[in-house]
file target_22.txt (compact mmCIF, C-alpha atoms)
# COMPACT_ATOMS: atom_id res chain seq x y z
CA MET D 24 81.80 160.62 145.45
CA PRO D 25 84.73 162.13 143.51
CA GLU D 26 86.84 159.88 141.33
CA VAL D 27 90.24 159.17 142.90
CA THR D 28 91.72 158.12 139.57
CA SER D 29 92.97 161.57 138.76
CA GLY D 30 94.50 161.83 135.33
CA SER D 31 92.69 158.78 133.94
CA ALA D 32 89.53 160.53 132.82
CA GLY D 33 90.65 160.82 129.18
CA PRO D 34 90.26 158.22 126.45
CA ARG D 35 91.88 154.83 126.92
CA ARG D 36 93.93 153.16 124.22
CA THR D 37 94.49 149.42 124.70
CA VAL D 38 97.65 148.35 122.91
CA GLN D 39 98.01 144.91 121.32
CA ARG D 40 101.17 143.60 119.73
CA GLY D 41 101.86 140.75 117.35
CA ARG D 42 100.81 139.65 113.88
CA TYR D 43 98.15 137.13 112.93
CA TYR D 44 98.34 134.78 109.94
CA GLU D 45 96.51 137.21 107.65
CA ASP D 46 99.01 139.98 108.45
CA PHE D 47 102.00 138.17 106.91
CA GLN D 48 102.68 138.59 103.19
CA VAL D 49 105.32 136.57 101.37
CA GLY D 50 108.23 138.87 100.60
CA ASP D 51 107.59 141.24 103.50
CA VAL D 52 110.73 142.33 105.37
CA TYR D 53 110.59 143.41 108.99
CA ARG D 54 113.37 145.51 110.47
CA HIS D 55 113.02 144.66 114.15
CA HIS D 56 113.55 147.97 115.80
CA TRP D 57 115.36 147.40 119.08
CA GLY D 58 118.98 146.31 118.67
CA ARG D 59 120.83 144.97 121.71
CA THR D 60 124.37 145.39 122.99
CA LEU D 61 125.94 142.34 124.62
CA THR D 62 128.11 142.83 127.68
CA GLN D 63 130.91 140.65 128.98
CA GLY D 64 128.89 139.77 132.08
CA GLU D 65 125.93 138.65 129.98
CA CYS D 66 128.13 136.43 127.82
CA GLN D 67 129.64 134.82 130.92
CA LEU D 68 126.22 134.47 132.56
CA PHE D 69 124.68 132.75 129.55
CA ALA D 70 127.53 130.27 129.10
CA THR D 71 127.58 129.25 132.74
CA GLY D 72 123.84 129.65 133.36
CA THR D 73 123.03 127.16 130.60
CA MET D 74 125.85 124.87 131.82
CA ASN D 75 127.73 125.28 128.58
CA ALA D 76 130.95 123.54 129.55
CA VAL D 77 133.09 125.06 126.81
CA PRO D 78 135.94 127.19 128.23
CA LEU D 79 136.13 129.21 125.00
CA TYR D 80 133.01 131.00 126.23
CA PHE D 81 133.99 131.62 129.88
CA ASN D 82 137.79 131.47 130.19
CA GLU D 83 139.85 134.35 128.83
CA LEU D 84 143.17 132.48 128.98
CA PHE D 85 141.72 129.67 126.88
CA ALA D 86 140.02 132.04 124.42
CA ARG D 87 143.36 133.79 123.86
CA LYS D 88 145.08 130.46 123.28
CA LEU D 89 142.62 129.92 120.42
CA GLY D 90 143.52 133.33 118.99
CA HIS D 91 140.56 135.39 120.19
CA PRO D 92 141.12 138.93 121.53
CA GLN D 93 138.65 138.19 124.34
CA VAL D 94 136.00 135.63 125.27
CA PRO D 95 133.41 135.52 122.46
CA ALA D 96 129.65 135.28 122.97
CA HIS D 97 128.30 131.75 122.80
CA PRO D 98 126.61 131.16 119.43
CA LEU D 99 123.36 130.16 121.13
CA LEU D 100 123.37 133.42 123.08
CA VAL D 101 123.75 135.22 119.76
CA MET D 102 120.91 133.16 118.28
CA ASN D 103 118.65 133.79 121.27
CA VAL D 104 119.30 137.54 121.29
CA VAL D 105 118.75 137.81 117.52
CA PHE D 106 115.60 135.66 117.89
CA GLY D 107 114.23 137.54 120.91
CA MET D 108 114.17 140.85 119.06
CA THR D 109 112.09 139.30 116.25
CA VAL D 110 109.26 138.09 118.47
CA GLU D 111 107.24 141.31 118.60
CA ASP D 112 106.97 141.28 114.81
CA LEU D 113 106.84 137.54 114.14
CA SER D 114 105.50 135.48 116.99
CA GLU D 115 104.04 137.49 119.84
CA GLN D 116 100.61 136.09 118.85
CA ALA D 117 101.96 132.70 117.80
CA LEU D 118 100.65 129.37 119.03
CA ALA D 119 104.04 127.67 118.84
CA HIS D 120 107.56 127.91 117.48
CA LEU D 121 108.06 124.79 115.38
CA GLY D 122 111.76 124.70 114.62
CA TYR D 123 114.97 125.96 113.04
CA TRP D 124 116.63 125.32 109.70
CA ASP D 125 120.00 126.28 108.25
CA LEU D 126 121.20 128.12 111.37
CA ARG D 127 124.71 129.47 110.79
CA PHE D 128 127.13 131.82 112.52
CA PRO D 129 129.26 133.58 109.89
CA ARG D 130 131.26 135.61 112.45
CA PHE D 131 132.13 135.56 116.12
CA VAL D 132 130.43 138.10 118.38
CA TYR D 133 132.33 139.76 121.23
CA PRO D 134 131.24 141.76 124.28
CA GLY D 135 130.49 145.32 123.23
CA ASP D 136 128.97 144.30 119.91
CA THR D 137 125.44 145.48 119.18
CA LEU D 138 123.15 143.05 117.37
CA ILE D 139 120.30 144.05 115.05
CA SER D 140 117.76 141.63 113.56
CA SER D 141 115.64 141.59 110.44
CA SER D 142 113.36 138.95 108.93
CA GLU D 143 111.84 138.12 105.55
CA VAL D 144 108.65 136.13 105.07
CA LEU D 145 109.57 133.24 102.74
CA ASP D 146 106.28 131.36 102.66
CA LYS D 147 102.95 130.88 104.42
CA ARG D 148 100.33 128.17 104.29
CA GLU D 149 97.14 127.27 106.09
CA SER D 150 97.12 124.34 108.48
CA GLY D 151 95.98 121.13 106.81
CA SER D 152 94.10 119.94 109.89
CA LYS D 153 92.98 123.02 111.85
CA PRO D 154 91.24 125.95 110.10
CA ASP D 155 92.05 128.45 112.86
CA ARG D 156 95.80 128.58 112.18
CA GLY D 157 98.60 128.66 109.63
CA ILE D 158 102.34 128.19 109.32
CA VAL D 159 104.62 131.12 108.50
CA HIS D 160 108.13 130.45 107.23
CA VAL D 161 110.71 133.20 107.74
CA ARG D 162 114.41 133.83 107.36
CA THR D 163 116.00 135.92 110.11
CA THR D 164 119.34 137.67 109.82
CA GLY D 165 121.32 139.11 112.73
CA VAL D 166 124.06 141.65 112.00
CA ASN D 167 126.56 143.49 114.16
CA GLN D 168 127.12 147.26 114.40
CA ARG D 169 129.17 147.12 111.16
CA GLY D 170 126.35 145.38 109.29
CA GLU D 171 128.26 142.09 109.13
CA GLU D 172 126.13 138.95 109.38
CA VAL D 173 126.66 137.08 112.64
CA CYS D 174 123.67 134.73 112.71
CA VAL D 175 121.21 133.58 110.04
CA TYR D 176 118.48 130.97 110.25
CA GLN D 177 115.07 129.96 108.97
CA ARG D 178 112.19 129.31 111.27
CA ARG D 179 108.59 128.05 111.01
CA ILE D 180 105.94 129.49 113.28
CA LEU D 181 102.41 128.26 114.00
CA VAL D 182 100.28 131.41 113.97
CA LYS D 183 96.66 132.22 114.91
CA LYS D 184 94.22 133.49 112.30
CA ARG D 185 92.69 136.87 112.90
CA SER D 186 89.46 135.55 111.37
CA THR D 187 89.10 133.15 114.29
CA TYR D 188 90.73 134.92 117.17
CA GLY D 189 89.95 138.51 116.31
CA GLY D 190 92.26 141.04 117.74
CA ALA D 191 92.32 144.72 117.01
CA MET O 9 153.52 121.73 133.43
CA GLU O 10 151.10 124.01 131.67
CA HIS O 11 147.48 123.80 132.73
CA ARG O 12 145.04 122.27 130.24
CA PHE O 13 141.51 123.67 130.28
CA THR O 14 139.81 120.87 128.34
CA ARG O 15 139.50 117.08 128.56
CA ASP O 16 141.54 114.80 126.32
CA ASP O 17 138.72 112.42 125.40
CA ASN O 18 136.51 114.62 123.23
CA LEU O 19 138.75 115.48 120.29
CA TYR O 20 138.14 114.75 116.59
CA GLU O 21 139.69 111.27 116.74
CA ASP O 22 137.50 110.30 119.71
CA PHE O 23 134.18 110.46 117.83
CA ALA O 24 132.99 107.26 116.13
CA VAL O 25 130.37 107.57 113.39
CA GLY O 26 127.18 105.79 114.47
CA GLU O 27 127.87 106.05 118.19
CA THR O 28 125.30 107.68 120.49
CA ILE O 29 126.69 109.52 123.49
CA VAL O 30 124.31 109.59 126.46
CA HIS O 31 125.26 112.73 128.35
CA PRO O 32 125.73 112.36 132.09
CA ARG O 33 123.62 115.10 133.65
CA GLY O 34 119.97 116.09 133.75
CA ARG O 35 118.64 119.56 134.41
CA THR O 36 115.35 120.55 136.01
CA VAL O 37 113.88 123.72 134.55
CA SER O 38 112.61 126.09 137.22
CA ASP O 39 109.85 128.59 136.70
CA GLY O 40 111.53 131.90 137.45
CA GLU O 41 114.70 130.86 135.68
CA HIS O 42 113.10 130.18 132.31
CA MET O 43 111.04 133.37 132.48
CA LEU O 44 114.18 135.35 133.28
CA TRP O 45 116.01 133.98 130.22
CA THR O 46 112.96 134.74 128.06
CA ASN O 47 112.98 138.35 129.21
CA PHE O 48 116.80 138.53 129.11
CA VAL O 49 116.70 138.05 125.33
CA LEU O 50 113.73 140.44 124.91
CA ASN O 51 111.36 137.65 123.86
CA THR O 52 107.94 139.29 124.26
CA ALA O 53 105.69 136.26 123.62
CA GLN O 54 103.39 136.23 126.63
CA LEU O 55 102.61 132.52 126.53
CA HIS O 56 106.00 132.14 128.28
CA PHE O 57 105.45 134.62 131.10
CA ASN O 58 101.79 135.72 131.52
CA GLN O 59 99.80 133.12 133.47
CA LYS O 60 96.57 135.18 133.40
CA MET O 61 96.64 135.26 129.60
CA CYS O 62 97.20 131.48 129.55
CA ASP O 63 94.33 130.96 132.03
CA ASP O 64 92.04 133.07 129.85
CA SER O 65 92.95 131.39 126.56
CA PRO O 66 93.65 127.67 127.09
CA GLN O 67 92.73 126.98 123.46
CA THR O 68 95.63 129.08 122.12
CA THR O 69 98.16 128.13 124.79
CA PHE O 70 99.21 124.71 126.03
CA ASP O 71 95.94 124.05 127.92
CA GLY O 72 96.59 127.15 129.96
CA ARG O 73 100.11 126.14 130.96
CA ARG O 74 103.01 128.53 130.44
CA VAL O 75 105.37 126.84 127.98
CA VAL O 76 109.14 127.29 128.24
CA TYR O 77 110.58 129.37 125.36
CA GLY O 78 112.08 126.95 122.82
CA GLY O 79 115.30 128.88 122.30
CA ILE O 80 116.21 128.36 125.91
CA VAL O 81 115.21 124.69 125.81
CA PHE O 82 117.66 124.50 122.90
CA ALA O 83 120.39 126.20 124.98
CA TYR O 84 119.79 123.93 127.99
CA VAL O 85 119.96 120.78 125.84
CA ALA O 86 123.11 122.03 124.10
CA GLY O 87 124.56 122.80 127.52
CA LEU O 88 123.86 119.26 128.74
CA ALA O 89 125.66 117.91 125.66
CA SER O 90 128.51 120.41 125.68
CA GLU O 91 131.29 118.78 127.70
CA GLU O 92 131.28 115.60 125.62
CA THR O 93 130.86 117.25 122.21
CA GLU O 94 131.82 120.90 122.16
CA GLU O 95 134.55 121.41 124.78
CA ASN O 96 137.31 121.14 122.19
CA ALA O 97 135.33 122.68 119.33
CA VAL O 98 136.77 125.91 117.94
CA ALA O 99 133.63 126.87 116.02
CA VAL O 100 129.97 126.01 115.61
CA LEU O 101 129.40 125.72 111.88
CA SER O 102 125.67 125.08 111.70
CA TYR O 103 122.47 123.73 113.16
CA ASP O 104 119.76 122.36 110.88
CA GLU O 105 116.53 120.34 110.77
CA GLY O 106 115.63 121.48 114.28
CA ARG O 107 112.20 120.59 115.64
CA HIS O 108 110.56 121.20 118.99
CA LEU O 109 108.62 117.93 119.17
CA ASN O 110 107.05 118.31 122.62
CA PRO O 111 106.54 121.30 124.92
CA VAL O 112 108.61 121.82 128.05
CA PHE O 113 107.12 123.20 131.28
CA ALA O 114 108.61 124.36 134.55
CA GLY O 115 109.38 121.32 136.67
CA ASP O 116 110.41 119.16 133.71
CA THR O 117 113.89 117.66 133.75
CA LEU O 118 115.88 117.67 130.52
CA PHE O 119 118.44 115.13 129.32
CA ALA O 120 120.57 115.03 126.17
CA GLU O 121 121.99 112.50 123.72
CA SER O 122 124.27 113.04 120.73
CA THR O 123 124.59 110.65 117.81
CA VAL O 124 127.66 111.03 115.61
CA LEU O 125 126.29 111.20 112.05
CA ALA O 126 129.43 111.99 110.04
CA LYS O 127 133.05 113.13 110.23
CA SER O 128 135.32 114.83 107.72
CA ASP O 129 138.75 116.42 107.94
CA ASP O 130 138.85 117.71 104.37
CA ASP O 131 135.58 119.64 104.16
CA PRO O 132 136.36 123.10 102.72
CA ARG O 133 134.16 124.72 105.37
CA ILE O 134 136.70 123.80 108.08
CA SER O 135 139.14 126.46 106.87
CA GLN O 136 136.30 128.99 106.49
CA CYS O 137 134.86 128.50 109.98
CA GLY O 138 136.29 131.75 111.34
CA ALA O 139 138.30 130.30 114.23
CA PRO O 140 141.12 132.85 114.38
CA ALA O 141 144.28 130.76 114.88
CA LEU O 142 143.19 127.54 113.19
CA LYS O 143 145.65 126.14 110.64
CA PRO O 144 144.96 123.53 107.94
CA GLY O 145 144.92 119.98 109.27
CA GLN O 146 144.41 120.91 112.92
CA ALA O 147 140.67 120.18 113.14
CA GLY O 148 137.84 118.25 111.56
CA LEU O 149 134.12 118.58 111.10
CA VAL O 150 131.85 116.38 113.23
CA LYS O 151 128.13 116.23 112.51
CA PHE O 152 125.86 115.23 115.38
CA LEU O 153 122.18 114.60 115.88
CA LEU O 154 121.41 116.31 119.19
CA ARG O 155 118.33 115.09 121.05
CA GLY O 156 116.77 116.56 124.16
CA LYS O 157 114.42 114.39 126.21
CA ASN O 158 112.23 114.99 129.24
CA GLN O 159 111.88 112.89 132.41
CA ARG O 160 109.42 110.57 130.62
CA GLY O 161 111.86 109.94 127.78
CA GLU O 162 109.82 111.97 125.29
CA VAL O 163 111.94 113.80 122.72
CA VAL O 164 111.44 117.55 123.16
CA LEU O 165 114.07 118.78 120.70
CA GLU O 166 115.84 117.18 117.77
CA ILE O 167 118.42 119.08 115.73
CA THR O 168 121.57 118.38 113.74
CA ARG O 169 124.74 120.33 114.44
CA GLU O 170 128.13 120.60 112.77
CA LEU O 171 131.10 121.45 114.97
CA ILE O 172 134.72 122.11 114.06
CA VAL O 173 136.63 119.99 116.58
CA LEU O 174 140.38 120.04 117.25
CA LYS O 175 142.50 116.96 116.64
CA LYS O 176 144.36 115.40 119.55
CA ALA O 177 147.78 116.83 118.66
CA TYR O 178 146.43 120.38 118.71
CA ARG O 179 144.57 120.53 122.02
CA PRO O 180 145.80 123.79 123.65
call {"tool": "encode", "arguments": {"input": "target_22.txt", "output": "structure tokens"}}
result
Amino acid sequence: MPEVTSGSAGPRRTVQRGRYYEDFQVGDVYRHHWGRTLTQGECQLFATGTMNAVPLYFNELFARKLGHPQVPAHPLLVMNVVFGMTVEDLSEQALAHLGYWDLRFPRFVYPGDTLISSSEVLDKRESGSKPDRGIVHVRTTGVNQRGEEVCVYQRRILVKKRSTYGGA
Amino acid sequence: MEHRFTRDDNLYEDFAVGETIVHPRGRTVSDGEHMLWTNFVLNTAQLHFNQKMCDDSPQTTFDGRRVVYGGIVFAYVAGLASEETEENAVAVLSYDEGRHLNPVFAGDTLFAESTVLAKSDDDPRISQCGAPALKPGQAGLVKFLLRGKNQRGEVVLEITRELIVLKKAYRP
């Protein structure tokens, strides 16, 4: 019987993303490739969709009273967008995200701004109790389209070891 | 009379160091909602949105359960705390010492508490906070410990935050 899967007769390449513990080296810098523009609707949706009852982030009259040209993006939207773009390089194979340290927002972000993330590996250590994993400590920086820092933080990630869990 | 967009009971003078504010509302996390936020911010970690992968690898996921992305747990907890703490804040200065202490799953209900750790109206960072129209003396720094709990009272998130909060005389 003839194959009906026309076009799939060639070689198959199974793609895997994400780093294991062994893949991180202290001092490595990752330039997360995507970049993401924030729209006004997204800023409004995030503020209201997370019940953030702060009119600065959903009321243009109020934002102008505080001297803003328009409603700014909520800082935790900025953090989440900067963070999200780092996952493919930092934590797509992670077991857990442990926490945040020294999270700051040096500048406001407004609709129309495009955010770009990068991260540096500050430290790594093996788990004291479980030999199949380790903890990777990174600093992530989010900048706008002018290269100005808008969000910086450190993060610790619980990561699988390739020696245990394999992977390509 | 001009309309006021914020309450008058959550300004700098209203916060007492040592007090814990128990925020009024809870929030149940639904399945599609948390996956949508995860994808919305381009978070590609499949343990949040691929049930087959979780089924196949219970030892590297939360016993095969899809865990809610921590960044959105953080945003939900901050949202629950916002009206009492942040409504009259002109800037978020920092978060620090943040730990996800227990996982959150779809169906869990989140609650929030804020403990006032410290206050200052002469910290030099107030004038450097970036709030565009802020003049000296109009606001102070309030440091909180923000805690998120689930329906069993277990702490899921603990983090400190420093907000720049307007004083009563300067509420717009």
call {"tool": "interface_residues", "arguments": {"input": "target_22.txt", "of": "chain D", "to": "chain O", "cutoff": "8 Å", "atoms": "only C-alpha atoms", "output": "PyMOL selection string"}}
result
chain D and resi 73-79+85+88-91+98-99+103-104+106-111+114-118+120-131+183
call {"tool": "residues_around", "arguments": {"input": "target_22.txt", "residues": "D:Val105", "least_positions_apart": "2", "cutoff": "9 Å", "atoms": "all atoms listed in the file", "output": "PyMOL selection string"}}
result
(chain D and resi 58-59+100-103+107-109+138-141+163-166+174-175) or (chain O and resi 49)
call {"tool": "residues_around", "arguments": {"input": "target_22.txt", "residues": "O:Glu27", "least_positions_apart": "2", "cutoff": "12 Å", "atoms": "all atoms listed in the file", "output": "number ranges by chain"}}
result
O: 22-25, 29-30, 121-127, 151-153
call {"tool": "atom_distance", "arguments": {"input": "target_22.txt", "atom1": "atom CA of D:Lys147", "atom2": "atom CA of D:Val182"}}
result
9.9 Å
call {"tool": "axis_aligned_box", "arguments": {"input": "target_22.txt", "around": "stretch 121-124 of chain D", "padding_each_side": "3 Å", "output": "AutoDock Vina command-line options"}}
result
--center_x 112.3 --center_y 125.3 --center_z 112.5 --size_x 14.6 --size_y 7.3 --size_z 11.7
call {"tool": "residues_around", "arguments": {"input": "target_22.txt", "residues": "stretch 135-137 of chain D", "least_positions_apart": "4", "cutoff": "8 Å", "atoms": "all atoms listed in the file", "output": "list in words"}}
result
Gly58, Arg59, Thr60, Leu61, Thr62, Gln63, Asn167 and Gln168 of chain D
call {"tool": "residues_around", "arguments": {"input": "target_22.txt", "residues": "D:Arg162", "least_positions_apart": "6", "cutoff": "9 Å", "atoms": "only C-alpha atoms", "output": "CSV table (one decimal) with C-alpha atoms, in the frame of the given file"}}
result
chain,number,residue,atom,x,y,z
D,141,SER,CA,115.6,141.6,110.4
D,142,SER,CA,113.4,139.0,108.9
D,143,GLU,CA,111.8,138.1,105.6
D,144,VAL,CA,108.6,136.1,105.1
D,145,LEU,CA,109.6,133.2,102.7
D,175,VAL,CA,121.2,133.6,110.0
D,176,TYR,CA,118.5,131.0,110.2
D,177,GLN,CA,115.1,130.0,109.0
D,178,ARG,CA,112.2,129.3,111.3
D,179,ARG,CA,108.6,128.0,111.0
call {"tool": "residues_around", "arguments": {"input": "target_22.txt", "residues": "D:Gly64", "least_positions_apart": "4", "cutoff": "10 Å", "atoms": "all atoms listed in the file", "output": "PyMOL selection string"}}
result
chain D and resi 68-69+81+134
call {"tool": "atom_distance", "arguments": {"input": "target_22.txt", "atom1": "atom CA of D:Tyr43", "atom2": "atom CA of D:Gly157"}}
result
9.1 Å
call {"tool": "atom_distance", "arguments": {"input": "target_22.txt", "atom1": "atom CA of D:Thr187", "atom2": "atom CA of D:Ile158"}}
result
15.0 Å
call {"tool": "closest_residue", "arguments": {"input": "target_22.txt", "among": "D:Glu83, D:Glu172, D:Gly72, D:Asp46", "to": "O:His42", "atoms": "all atoms listed in the file"}}
result
D:Gly72
